[in-house]
$ cat upload.tsv   # TSV, C-alpha atoms
chain	number	residue	atom	x	y	z
A	25	MET	CA	12.47	72.80	24.36
A	26	PHE	CA	12.09	75.93	26.46
A	27	GLY	CA	15.77	76.83	26.83
A	28	PHE	CA	15.58	75.23	30.28
A	29	ASN	CA	17.89	76.39	33.07
A	30	ARG	CA	18.18	75.87	36.83
A	31	TYR	CA	15.90	78.80	37.62
A	32	ASP	CA	13.20	77.43	35.30
A	33	PHE	CA	13.44	74.02	36.95
A	34	ARG	CA	12.96	75.51	40.42
A	35	LEU	CA	10.07	77.60	39.14
A	36	LEU	CA	8.49	74.53	37.57
A	37	LEU	CA	8.64	72.68	40.88
A	38	ASN	CA	7.12	75.64	42.71
A	39	LEU	CA	4.32	75.90	40.15
A	40	PHE	CA	3.68	72.18	40.52
A	41	ARG	CA	3.43	72.51	44.33
A	42	MET	CA	1.13	75.51	43.91
A	43	ASN	CA	-1.16	73.54	41.58
A	44	VAL	CA	-1.46	70.67	44.05
A	45	ARG	CA	-1.93	72.97	47.07
A	46	ASP	CA	-4.50	75.24	45.42
A	47	ARG	CA	-6.54	72.34	44.14
A	48	TYR	CA	-7.32	71.16	47.66
A	49	LEU	CA	-7.22	74.55	49.36
A	50	GLY	CA	-9.61	74.74	52.30
A	51	SER	CA	-10.02	70.97	52.75
A	52	SER	CA	-9.07	69.35	56.04
A	53	LEU	CA	-6.77	66.75	54.49
A	54	GLY	CA	-5.26	69.17	51.99
A	55	SER	CA	-2.93	67.62	49.42
A	56	VAL	CA	-3.53	64.15	50.90
A	57	TRP	CA	-6.65	64.09	48.70
A	58	ALA	CA	-4.33	63.81	45.69
A	59	ILE	CA	-3.59	60.28	46.92
A	60	VAL	CA	-6.95	59.44	48.49
A	61	ASN	CA	-9.09	60.31	45.44
A	62	PRO	CA	-7.51	57.90	42.90
A	63	LEU	CA	-7.09	55.24	45.58
A	64	LEU	CA	-10.79	55.45	46.45
A	65	MET	CA	-11.82	55.32	42.80
A	66	LEU	CA	-9.64	52.28	42.07
A	67	SER	CA	-10.95	50.52	45.17
A	68	ILE	CA	-14.54	51.08	44.04
A	69	TYR	CA	-13.83	49.67	40.58
A	70	THR	CA	-12.11	46.66	42.13
A	71	TYR	CA	-15.15	45.98	44.32
A	72	VAL	CA	-17.76	46.55	41.59
A	73	PHE	CA	-16.12	44.52	38.82
A	74	GLY	CA	-14.38	41.97	41.00
A	75	PHE	CA	-17.08	41.18	43.57
A	76	VAL	CA	-20.42	42.49	42.26
A	77	PHE	CA	-20.51	41.99	38.48
A	78	LYS	CA	-17.76	39.33	38.64
A	79	ILE	CA	-16.68	39.84	35.04
A	80	ARG	CA	-14.14	37.32	33.81
A	81	ILE	CA	-11.64	37.39	30.99
A	82	PRO	CA	-11.96	34.31	28.74
A	83	GLY	CA	-9.53	31.68	29.99
A	84	SER	CA	-9.12	33.15	33.47
A	85	GLU	CA	-10.21	31.34	36.61
A	86	THR	CA	-10.92	34.40	38.79
A	87	THR	CA	-12.72	37.71	38.42
A	88	LEU	CA	-9.61	39.48	39.71
A	89	ALA	CA	-7.96	38.95	36.31
A	90	TYR	CA	-10.44	41.37	34.68
A	91	VAL	CA	-9.96	43.93	37.45
A	92	VAL	CA	-6.19	43.80	36.91
A	93	TRP	CA	-6.66	44.08	33.14
A	94	LEU	CA	-9.03	47.03	33.57
A	95	ILE	CA	-6.97	49.00	36.07
A	96	THR	CA	-3.79	48.55	34.01
A	97	ALA	CA	-5.35	50.91	31.47
A	98	TYR	CA	-7.89	52.79	33.58
A	99	GLY	CA	-5.34	53.87	36.22
A	100	PRO	CA	-3.20	55.73	33.65
A	101	TRP	CA	-6.38	57.15	32.12
A	102	ILE	CA	-7.34	58.72	35.48
A	103	SER	CA	-3.97	60.48	35.55
A	104	THR	CA	-4.33	61.50	31.89
A	105	THR	CA	-7.73	63.10	32.50
A	106	GLU	CA	-6.54	64.87	35.64
A	107	ALA	CA	-3.38	66.13	33.95
A	108	ILE	CA	-5.07	67.39	30.78
A	109	ILE	CA	-7.74	69.29	32.72
A	110	ALA	CA	-5.16	70.80	35.11
A	111	SER	CA	-2.91	71.77	32.22
A	112	SER	CA	-5.75	73.33	30.21
A	113	THR	CA	-6.71	75.66	33.08
A	114	SER	CA	-3.14	76.41	34.16
A	115	VAL	CA	-2.86	79.88	32.60
A	116	VAL	CA	-6.35	81.02	33.61
A	117	GLY	CA	-5.82	79.68	37.13
A	118	ALA	CA	-2.56	81.60	37.47
A	119	SER	CA	-3.89	84.86	36.03
A	120	GLY	CA	-2.56	86.89	38.96
A	121	ILE	CA	0.96	85.61	38.43
A	122	VAL	CA	0.79	85.99	34.65
A	123	LYS	CA	-0.23	89.64	34.96
A	124	ASN	CA	2.25	90.63	37.65
A	125	MET	CA	5.34	88.48	37.17
A	126	ALA	CA	7.74	88.12	34.25
A	127	PHE	CA	8.52	84.44	33.66
A	128	LYS	CA	8.20	81.73	31.02
A	129	THR	CA	4.46	81.22	30.98
A	130	GLU	CA	5.07	78.11	28.85
A	131	LEU	CA	5.97	76.40	32.13
A	132	LEU	CA	2.38	76.69	33.38
A	133	PRO	CA	0.84	73.90	31.23
A	134	VAL	CA	3.86	71.70	31.97
A	135	ALA	CA	3.41	72.18	35.73
A	136	GLY	CA	-0.32	71.50	35.35
A	137	ALA	CA	0.38	68.26	33.48
A	138	LEU	CA	2.76	67.07	36.19
A	139	VAL	CA	-0.15	66.95	38.64
A	140	GLY	CA	-1.14	63.72	36.94
A	141	PHE	CA	2.06	62.03	38.14
A	142	ILE	CA	0.60	61.71	41.63
A	143	SER	CA	-2.48	59.74	40.59
A	144	LEU	CA	-0.38	57.69	38.16
A	145	ALA	CA	2.01	56.71	40.95
A	146	VAL	CA	-0.95	55.76	43.16
A	147	SER	CA	-2.55	53.75	40.33
A	148	LEU	CA	0.63	51.83	39.49
A	149	SER	CA	1.28	51.08	43.16
A	150	PHE	CA	-2.30	49.83	43.57
A	151	LEU	CA	-1.91	47.73	40.43
A	152	LEU	CA	1.33	46.15	41.63
A	153	ILE	CA	-0.43	45.01	44.80
A	154	LEU	CA	-3.24	43.48	42.73
A	155	LEU	CA	-0.69	41.74	40.50
A	156	MET	CA	1.00	40.20	43.52
A	157	VAL	CA	-2.34	39.09	44.99
A	158	SER	CA	-3.48	37.58	41.69
A	159	GLY	CA	-0.18	35.76	41.20
A	160	ASN	CA	0.57	37.60	37.96
A	161	THR	CA	4.06	38.74	38.99
A	162	PRO	CA	5.52	41.37	36.61
A	163	SER	CA	8.30	40.20	34.31
A	164	TRP	CA	11.41	42.08	33.14
A	165	HIS	CA	9.17	44.03	30.73
A	166	ILE	CA	8.26	46.28	33.67
A	167	VAL	CA	11.53	48.18	33.08
A	168	LEU	CA	9.84	49.70	30.03
A	169	VAL	CA	7.18	51.43	32.15
A	170	PRO	CA	9.22	54.70	32.36
A	171	VAL	CA	9.29	54.86	28.55
A	172	VAL	CA	5.50	54.55	28.38
A	173	VAL	CA	5.09	57.12	31.16
A	174	MET	CA	7.39	59.54	29.35
A	175	LEU	CA	5.39	59.23	26.12
A	176	GLN	CA	2.12	59.59	28.02
A	177	PHE	CA	3.16	62.88	29.58
A	178	LEU	CA	4.77	64.13	26.39
A	179	LEU	CA	1.35	63.75	24.77
A	180	ILE	CA	-0.41	65.38	27.73
A	181	ILE	CA	1.96	68.36	27.75
A	182	ALA	CA	1.57	68.74	23.99
A	183	LEU	CA	-2.21	68.88	24.32
A	184	GLY	CA	-1.96	71.08	27.42
A	185	VAL	CA	0.10	73.74	25.65
A	186	TRP	CA	-2.62	74.11	23.03
A	187	LEU	CA	-5.56	73.89	25.44
A	188	SER	CA	-4.12	76.29	28.03
A	189	ALA	CA	-3.75	79.02	25.41
A	190	ILE	CA	-7.19	78.40	23.89
A	191	THR	CA	-8.88	78.40	27.32
A	192	VAL	CA	-7.66	81.97	27.97
A	193	PHE	CA	-9.84	83.18	25.11
A	194	VAL	CA	-12.56	80.51	25.08
A	195	ARG	CA	-13.56	79.72	28.67
A	196	ASP	CA	-16.16	77.20	27.49
A	197	VAL	CA	-13.28	74.76	27.04
A	198	THR	CA	-13.39	74.08	30.79
A	199	GLN	CA	-17.00	72.91	30.44
A	200	ILE	CA	-16.54	70.94	27.22
A	201	LEU	CA	-13.27	69.19	28.02
A	202	PRO	CA	-14.43	66.77	30.79
A	203	ASN	CA	-17.31	65.58	28.58
A	204	LEU	CA	-15.01	65.23	25.58
A	205	LEU	CA	-12.54	63.18	27.61
A	206	THR	CA	-15.36	60.89	28.73
A	207	VAL	CA	-16.29	60.31	25.08
A	208	VAL	CA	-12.65	59.56	24.22
A	209	MET	CA	-12.45	57.12	27.14
A	210	PHE	CA	-15.41	55.08	25.91
A	211	PHE	CA	-14.04	55.07	22.34
A	212	THR	CA	-10.76	53.74	23.71
A	213	PRO	CA	-10.63	50.00	24.58
A	214	ILE	CA	-10.16	50.48	28.31
A	215	PHE	CA	-13.24	48.69	29.65
A	216	TYR	CA	-13.47	46.20	26.79
A	217	PRO	CA	-10.96	44.47	24.50
A	218	PHE	CA	-9.96	45.88	21.13
A	219	ASP	CA	-11.37	42.87	19.26
A	220	SER	CA	-14.88	43.44	20.64
A	221	MET	CA	-15.24	46.82	18.91
A	222	PRO	CA	-16.88	47.25	15.49
A	223	LEU	CA	-14.41	47.07	12.61
A	224	LEU	CA	-14.78	50.77	11.80
A	225	VAL	CA	-14.04	51.76	15.40
A	226	GLN	CA	-11.03	49.43	15.42
A	227	LYS	CA	-9.61	51.27	12.41
A	228	ILE	CA	-10.23	54.63	14.08
A	229	SER	CA	-8.53	53.37	17.25
A	230	LEU	CA	-5.31	52.81	15.31
A	231	VAL	CA	-4.92	56.61	15.12
A	232	ASN	CA	-6.01	57.07	18.75
A	233	PRO	CA	-2.80	57.65	20.78
A	234	PHE	CA	-4.57	56.76	24.03
A	235	TYR	CA	-5.28	53.27	22.67
A	236	HIS	CA	-1.58	52.71	21.98
A	237	LEU	CA	-0.67	53.92	25.48
A	238	ALA	CA	-3.27	51.64	27.11
A	239	ASP	CA	-2.02	48.71	25.04
A	240	ALA	CA	1.59	49.49	26.00
A	241	TYR	CA	0.78	49.54	29.73
A	242	ARG	CA	-1.00	46.20	29.42
A	243	ALA	CA	1.84	44.73	27.38
A	244	VAL	CA	4.60	45.50	29.88
A	245	LEU	CA	2.66	45.05	33.11
A	246	THR	CA	0.23	42.18	32.67
A	247	GLU	CA	0.83	40.47	29.33
A	248	HIS	CA	4.63	40.13	29.67
A	249	ARG	CA	5.42	41.21	26.13
A	250	LEU	CA	7.07	44.09	24.35
A	251	PRO	CA	4.75	46.97	23.45
A	252	SER	CA	4.09	47.78	19.82
A	253	LEU	CA	7.05	49.76	18.51
A	254	GLY	CA	4.88	51.13	15.72
A	255	GLY	CA	2.22	52.28	18.18
A	256	LEU	CA	4.68	54.01	20.50
A	257	SER	CA	6.50	55.60	17.55
A	258	PHE	CA	3.17	56.98	16.36
A	259	VAL	CA	2.47	58.44	19.82
A	260	ALA	CA	5.94	60.01	19.95
A	261	ALA	CA	5.71	61.53	16.47
A	262	LEU	CA	2.19	62.86	17.04
A	263	SER	CA	3.12	64.30	20.45
A	264	LEU	CA	6.17	66.12	19.10
A	265	MET	CA	4.21	67.53	16.18
A	266	VAL	CA	1.38	68.74	18.44
A	267	PHE	CA	3.85	70.09	21.02
A	268	TYR	CA	5.95	72.21	18.66
A	269	SER	CA	2.93	73.56	16.79
A	270	GLY	CA	1.26	74.31	20.13
A	271	LEU	CA	4.37	75.99	21.50
A	272	ARG	CA	4.53	78.34	18.53
A	273	ALA	CA	0.84	79.14	18.88
A	274	PHE	CA	1.21	79.66	22.65
A	275	ARG	CA	4.09	82.10	22.19
A	276	ARG	CA	2.17	84.09	19.59
A	277	ALA	CA	-0.89	84.25	21.83
A	278	LYS	CA	0.72	85.02	25.19
A	279	GLY	CA	1.17	88.68	24.29
A	280	TYR	CA	-2.62	88.97	24.48
A	281	PHE	CA	-3.03	87.06	27.76
A	282	ASP	CA	-3.07	90.17	29.97
A	283	SER	CA	-6.04	91.69	28.16
A	284	ALA	CA	-7.96	88.40	28.07
A	285	LEU	CA	-7.42	87.33	31.70

$ encode --input "upload.tsv" --output "structure tokens"
Amino acid sequence: MFGFNRYDFRLLLNLFRMNVRDRYLGSSLGSVWAIVNPLLMLSIYTYVFGFVFKIRIPGSETTLAYVVWLITAYGPWISTTEAIIASSTSVVGASGIVKNMAFKTELLPVAGALVGFISLAVSLSFLLILLMVSGNTPSWHIVLVPVVVMLQFLLIIALGVWLSAITVFVRDVTQILPNLLTVVMFFTPIFYPFDSMPLLVQKISLVNPFYHLADAYRAVLTEHRLPSLGGLSFVAALSLMVFYSGLRAFRRAKGYFDSAL
């Protein structure tokens, strides 16, 4: 994609470490917050929906079943939000490096997106514990999780390449993006089942890649079935199209980065 070599790989890892370190710079726990934050959020949701509201999925005997169902999609969404925001601000946040160092700036949104791997790993680990406690032991379908993760981050990187370049020239993106992602979250069946949405919204969801990713995580982790091949193929095709168009736009725009940063 980038003409990747060993030097680029080492640089990517260093940029990833820099993103994580700088995000929690000045805090007492430092990078430990990258683990604590998603863990705390997931624990709160488990308490609220499992022990306060006690929401149940039809046919289930315990409220824990809904919590498991929710976190199976919400955990990956936390990582998606974190990764997209980090990727979108990656060029602006590294303005000093961009101005003073010659390197493949295309690596910046990729390194920013990789930040989401930490919260995803925490979320999946938390979910596995809940699955064991609830008695819903994962089946062999769990081996497909890496495929879903790969498609998730391919989509994130594709969006990040576009957003990181746009943010250099339109700084309002950093203010708009968190609100836009919240809107997308509530239009994606994460907190409620697909069938409960109005028919029009269901049709729109079929072209929402985040719906297909949420459904795939639930399929392989809690529902013990194969994910929709059509849905994952759609995510892959859309991600590749957005990525290559974004990469061309990024490379045309990066000549103007110095003057805009």

$ residues_around --input "upload.tsv" --residues "range 270-283 of chain A" --least-positions-apart "2" --cutoff "9 Å" --atoms "all atoms listed in the file" --output "list in words"
Val115, Ser119, Val122, Lys123, Thr129, Glu130, Ala182, Leu183, Gly184, Val185, Trp186, Leu187, Ser188, Ala189, Ile190, Val192, Phe193, Met265, Val266, Phe267, Tyr268 and Leu285 of chain A

$ closest_residue --input "upload.tsv" --among "A:Asn29, A:Thr105, A:Asn43, A:Thr96" --to "Val207 in chain A" --atoms "all atoms listed in the file"
A:Thr105

$ atom_distance --input "upload.tsv" --atom1 "CA of Met125 in chain A" --atom2 "CA of Ala58 in chain A"
27.8 Å

$ atom_distance --input "upload.tsv" --atom1 "CA of Ala145 in chain A" --atom2 "CA of Ile68 in chain A"
17.8 Å

$ atom_distance --input "upload.tsv" --atom1 "CA of Val157 in chain A" --atom2 "CA of Trp57 in chain A"
25.6 Å

$ build_atoms --input "upload.tsv" --residues "range 244-257 of chain A" --atoms "N, CA, C and O atoms" --output "PDB file, in the coordinates of the input"
ATOM      1  N   VAL A 244       3.426  45.618  29.009  1.00  0.00           N
ATOM      2  CA  VAL A 244       4.600  45.500  29.880  1.00  0.00           C
ATOM      3  C   VAL A 244       4.266  45.114  31.311  1.00  0.00           C
ATOM      4  O   VAL A 244       5.129  44.598  32.029  1.00  0.00           O
ATOM      5  N   LEU A 245       3.010  45.321  31.722  1.00  0.00           N
ATOM      6  CA  LEU A 245       2.660  45.050  33.110  1.00  0.00           C
ATOM      7  C   LEU A 245       1.924  43.736  33.332  1.00  0.00           C
ATOM      8  O   LEU A 245       2.168  43.052  34.332  1.00  0.00           O
ATOM      9  N   THR A 246       1.044  43.373  32.430  1.00  0.00           N
ATOM     10  CA  THR A 246       0.230  42.180  32.670  1.00  0.00           C
ATOM     11  C   THR A 246       0.371  41.086  31.616  1.00  0.00           C
ATOM     12  O   THR A 246       0.110  39.919  31.896  1.00  0.00           O
ATOM     13  N   GLU A 247       0.765  41.459  30.401  1.00  0.00           N
ATOM     14  CA  GLU A 247       0.830  40.470  29.330  1.00  0.00           C
ATOM     15  C   GLU A 247       2.254  39.986  29.053  1.00  0.00           C
ATOM     16  O   GLU A 247       2.458  39.119  28.202  1.00  0.00           O
ATOM     17  N   HIS A 248       3.224  40.575  29.726  1.00  0.00           N
ATOM     18  CA  HIS A 248       4.630  40.130  29.670  1.00  0.00           C
ATOM     19  C   HIS A 248       5.152  40.058  28.233  1.00  0.00           C
ATOM     20  O   HIS A 248       5.731  39.064  27.805  1.00  0.00           O
ATOM     21  N   ARG A 249       4.921  41.121  27.501  1.00  0.00           N
ATOM     22  CA  ARG A 249       5.420  41.210  26.130  1.00  0.00           C
ATOM     23  C   ARG A 249       5.900  42.610  25.847  1.00  0.00           C
ATOM     24  O   ARG A 249       5.645  43.549  26.627  1.00  0.00           O
ATOM     25  N   LEU A 250       6.621  42.766  24.755  1.00  0.00           N
ATOM     26  CA  LEU A 250       7.070  44.090  24.350  1.00  0.00           C
ATOM     27  C   LEU A 250       5.901  44.871  23.772  1.00  0.00           C
ATOM     28  O   LEU A 250       5.055  44.299  23.067  1.00  0.00           O
ATOM     29  N   PRO A 251       5.825  46.161  24.047  1.00  0.00           N
ATOM     30  CA  PRO A 251       4.750  46.970  23.450  1.00  0.00           C
ATOM     31  C   PRO A 251       5.005  47.145  21.958  1.00  0.00           C
ATOM     32  O   PRO A 251       6.107  46.916  21.462  1.00  0.00           O
ATOM     33  N   SER A 252       3.979  47.553  21.253  1.00  0.00           N
ATOM     34  CA  SER A 252       4.090  47.780  19.820  1.00  0.00           C
ATOM     35  C   SER A 252       5.010  48.957  19.533  1.00  0.00           C
ATOM     36  O   SER A 252       4.732  50.092  19.935  1.00  0.00           O
ATOM     37  N   LEU A 253       6.114  48.689  18.847  1.00  0.00           N
ATOM     38  CA  LEU A 253       7.050  49.760  18.510  1.00  0.00           C
ATOM     39  C   LEU A 253       6.386  50.762  17.575  1.00  0.00           C
ATOM     40  O   LEU A 253       6.586  51.977  17.699  1.00  0.00           O
ATOM     41  N   GLY A 254       5.581  50.242  16.642  1.00  0.00           N
ATOM     42  CA  GLY A 254       4.880  51.130  15.720  1.00  0.00           C
ATOM     43  C   GLY A 254       3.915  52.044  16.447  1.00  0.00           C
ATOM     44  O   GLY A 254       3.822  53.239  16.145  1.00  0.00           O
ATOM     45  N   GLY A 255       3.184  51.482  17.421  1.00  0.00           N
ATOM     46  CA  GLY A 255       2.220  52.280  18.180  1.00  0.00           C
ATOM     47  C   GLY A 255       2.889  53.364  18.990  1.00  0.00           C
ATOM     48  O   GLY A 255       2.445  54.521  18.999  1.00  0.00           O
ATOM     49  N   LEU A 256       3.976  53.022  19.686  1.00  0.00           N
ATOM     50  CA  LEU A 256       4.680  54.010  20.500  1.00  0.00           C
ATOM     51  C   LEU A 256       5.379  55.057  19.628  1.00  0.00           C
ATOM     52  O   LEU A 256       5.458  56.233  20.004  1.00  0.00           O
ATOM     53  N   SER A 257       5.874  54.640  18.471  1.00  0.00           N
ATOM     54  CA  SER A 257       6.500  55.600  17.550  1.00  0.00           C
ATOM     55  C   SER A 257       5.465  56.596  17.039  1.00  0.00           C
ATOM     56  O   SER A 257       5.745  57.793  16.895  1.00  0.00           O
TER      57      SER A 257
END
